[in-house]
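Q: What follows is a structure written as structure tokens; I'll ask about it next.
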Amino acid sequence: LQNANEIKDGADTKVVTNGSWVTEQLFFNTLDEHFSDVHVRRALALALDREGLTKALTFGYAQTANSLLPTTIPYNANDTIKALNFNIEAAKEELAKSAFPNGFTTKLLVASGNSTRAQEAQIIQAAGQTIGIKIEIESIELATFRERFFAYDFAAMLNSGQADSPEANSIIAFQTDPEGFSKSYWTHYTNDEVTKLLYEGQKTADGDERAQIYTKLLQTLADEVPYIPLYYPDVLKGIRSSVDGLVVLPNGSARFEDVRISQ
């Protein structure tokens, strides 16, 4: 992302871009003593300026997320979901309702070697500080990072969710089913109403009824924030200016059949 504008403005280079099926997120372990408290999760969500974070780190190549689902996937409801937007006073009030009104110390797990995630972590750390949550950043190599979150050995972590196809259930099932393979993306978030809506959405044909089911489910996630959707990053490909017809797909791959190279 940092080099994208250099390539875009280069004398003989350009950037081909498209929306992705990815949502960058801050995940909470709901088995953790602090983040099992919905008021703590809501407080940190309100303290975090997601729009500012997106603008600062993605150089215009991402969209601030309100919904779990990227805008490239049907039923995302990103424009209608009432997310917990940046509001420090509301964040302090929310923390006051929690079991930890005076704040606490916790850790944020991050895979090393990713400069964007390192900066995300620092912004989240600063946001927590404004309401009395001291966040220590724990940066470890990727293999150990994965072992840790697979074992629920974390309080909060930075990661992304990616759909396998433009199908809402692809991400929703992975991140909301506490009995599924990923146990709600290793957050162990459990809400019986959300699970019920998940199963209803899976068996409901495309149309308004399915849209209503997913909107209700996504709003509940936005209210209870077992994870905070941060932004939807674009897929970027840097190419020579002489190349035309390259199509970038939301899964990160590219279509070459119509590519032409001008002399």
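Going by the structure tokens order, chains are called A, B, ..., each with residues numbered from 1, while ligands are numbered from 1 in the order shown.
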DSSP on the backbone, strand (DSSP E) only: what residues of region 46-245 of chain A does that give? Format it as number ranges by chain.
A: A: 62-64, 104-111, 133-140, 156-162, 227-240, 243-244
Q: Leaving out region 211-227 of chain A and any residue of its chain fewer than 3 positions from it, which residues lie within 8 Å of it when counting only C-alpha atoms, given as an MDAnalysis selection string?
A: chainID A and resid 25:30 38 41:42 45 66:68 75:77 81:84 187 189 194 197:198 200:201 206:208
Q: With distances taken over only C-alpha atoms, which residue among A:Arg260, A:His34, A:Arg146, A:Lys196 lies nearest Val110 (chain A)?
A: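 So, comparing all the options, the nearest one is A:Arg146.
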Q: Between CA of Glu167 (chain A) and CA of Ser36 (chain A), what is the distance in Å, rounded to a tenth?
A: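 Computing the Euclidean distance for CA of Glu167 (chain A) and CA of Ser36 (chain A) yields 29.4 Å.
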Q: Find, counting only C-alpha atoms, the residue in A:Asp234, A:Leu44, A:Gly180, A:Glu147 that gets nearest to Gly128 (chain A).
A: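 Of A:Asp234, A:Leu44, A:Gly180, A:Glu147, the one nearest Gly128 (chain A) is A:Leu44, counting only C-alpha atoms.
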Q: With only C-alpha atoms as the basis for distance, which of A:Ser262, A:Thr190, A:Asn87, A:Gln125 is at the shortest distance from Thr105 (chain A)?
A: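 Result for the nearest residue to Thr105 (chain A): A:Gln125.
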Q: Please list as a ChimeraX atom specification every residue within 9 Å of Lys92 (chain A), counting only C-alpha atoms and excluding residues in the same chain fewer than 3 positions away.
A: /A:43,46-47,87-89,95-97,101,130-132
Q: Can you list, as a list in words, every protein, DNA or RNA residue that comes within 10 Å of Phe145 (chain A) when you count only C-alpha atoms, leaving out same-chain residues fewer than 2 positions away?
A: Leu109, Val110, Ala111, Ser112, Glu138, Ser139, Ile140, Glu141, Leu142, Ala143, Glu147, Arg148, Phe149, Phe150, Asp153, Phe154 and Met157 of chain A
Q: Quick one: DSSP alpha helix (DSSP H) residues in region 117-170 of chain A, as a PyMOL selection string?
A: chain A and resi 117-129+142-150+168-170
Q: What does the distance between CA of Ala155 (chain A) and CA of Leu108 (chain A) come to in Å, to one decimal place?
A: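 Distance between the two atoms: 6.6 Å.
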Q: Quick one: of A:Ala127, A:Thr106, A:Gln175, A:Ser182, who's nearest to Asp32 (chain A), counting only C-alpha atoms?
A: A:Thr106
Q: Could you give me, as a ChimeraX atom specification, the residues within 7 Å of Tyr232 (chain A), counting only C-alpha atoms and dropping anything in the same chain fewer than 5 positions from it?
A: /A:20,22-24,62-65,70
Q: Go ahead and save the picked residues with N, CA, C and O atoms, as a compact mmCIF listing (two decimals), in the first residue's frame.
A:
# COMPACT_ATOMS: atom_id res chain seq x y z
N SER A 20 -12.07 -6.22 -2.63
CA SER A 20 -11.71 -7.60 -2.26
C SER A 20 -12.81 -8.26 -1.45
O SER A 20 -13.81 -7.64 -1.09
N VAL A 22 -12.14 -9.36 1.50
CA VAL A 22 -11.40 -9.36 2.76
C VAL A 22 -11.92 -8.27 3.69
O VAL A 22 -12.23 -7.15 3.26
N THR A 23 -11.99 -8.59 4.98
CA THR A 23 -12.28 -7.59 6.01
C THR A 23 -11.17 -7.64 7.05
O THR A 23 -10.94 -8.67 7.69
N GLU A 24 -10.45 -6.55 7.20
CA GLU A 24 -9.43 -6.42 8.25
C GLU A 24 -10.15 -6.21 9.57
O GLU A 24 -11.08 -5.40 9.66
N ALA A 62 -8.81 1.47 0.39
CA ALA A 62 -9.65 0.67 1.28
C ALA A 62 -10.88 1.49 1.64
O ALA A 62 -10.91 2.71 1.48
N GLN A 63 -11.89 0.80 2.16
CA GLN A 63 -13.13 1.45 2.61
C GLN A 63 -13.35 1.10 4.07
O GLN A 63 -13.22 -0.06 4.46
N THR A 64 -13.67 2.10 4.87
CA THR A 64 -13.95 1.85 6.29
C THR A 64 -15.13 0.88 6.41
O THR A 64 -16.13 0.99 5.72
N ALA A 65 -14.98 -0.09 7.31
CA ALA A 65 -15.98 -1.15 7.45
C ALA A 65 -16.96 -0.85 8.56
O ALA A 65 -16.57 -0.48 9.67
N PRO A 70 -17.57 -7.61 3.43
CA PRO A 70 -17.10 -6.59 2.48
C PRO A 70 -18.23 -6.16 1.55
O PRO A 70 -19.17 -6.91 1.30
Q: Expressed in Å to a single decimal, how great is the separation between CA of Gly60 (chain A) and CA of Val235 (chain A)?
A: 12.0 Å
Q: Determine the nearest neighbour of Lys203 (chain A) from the options A:Thr144, A:Asn78, A:Asn85, A:Asn169, counting only C-alpha atoms.
A: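 Among the listed residues, A:Asn169 lies closest to Lys203 (chain A).
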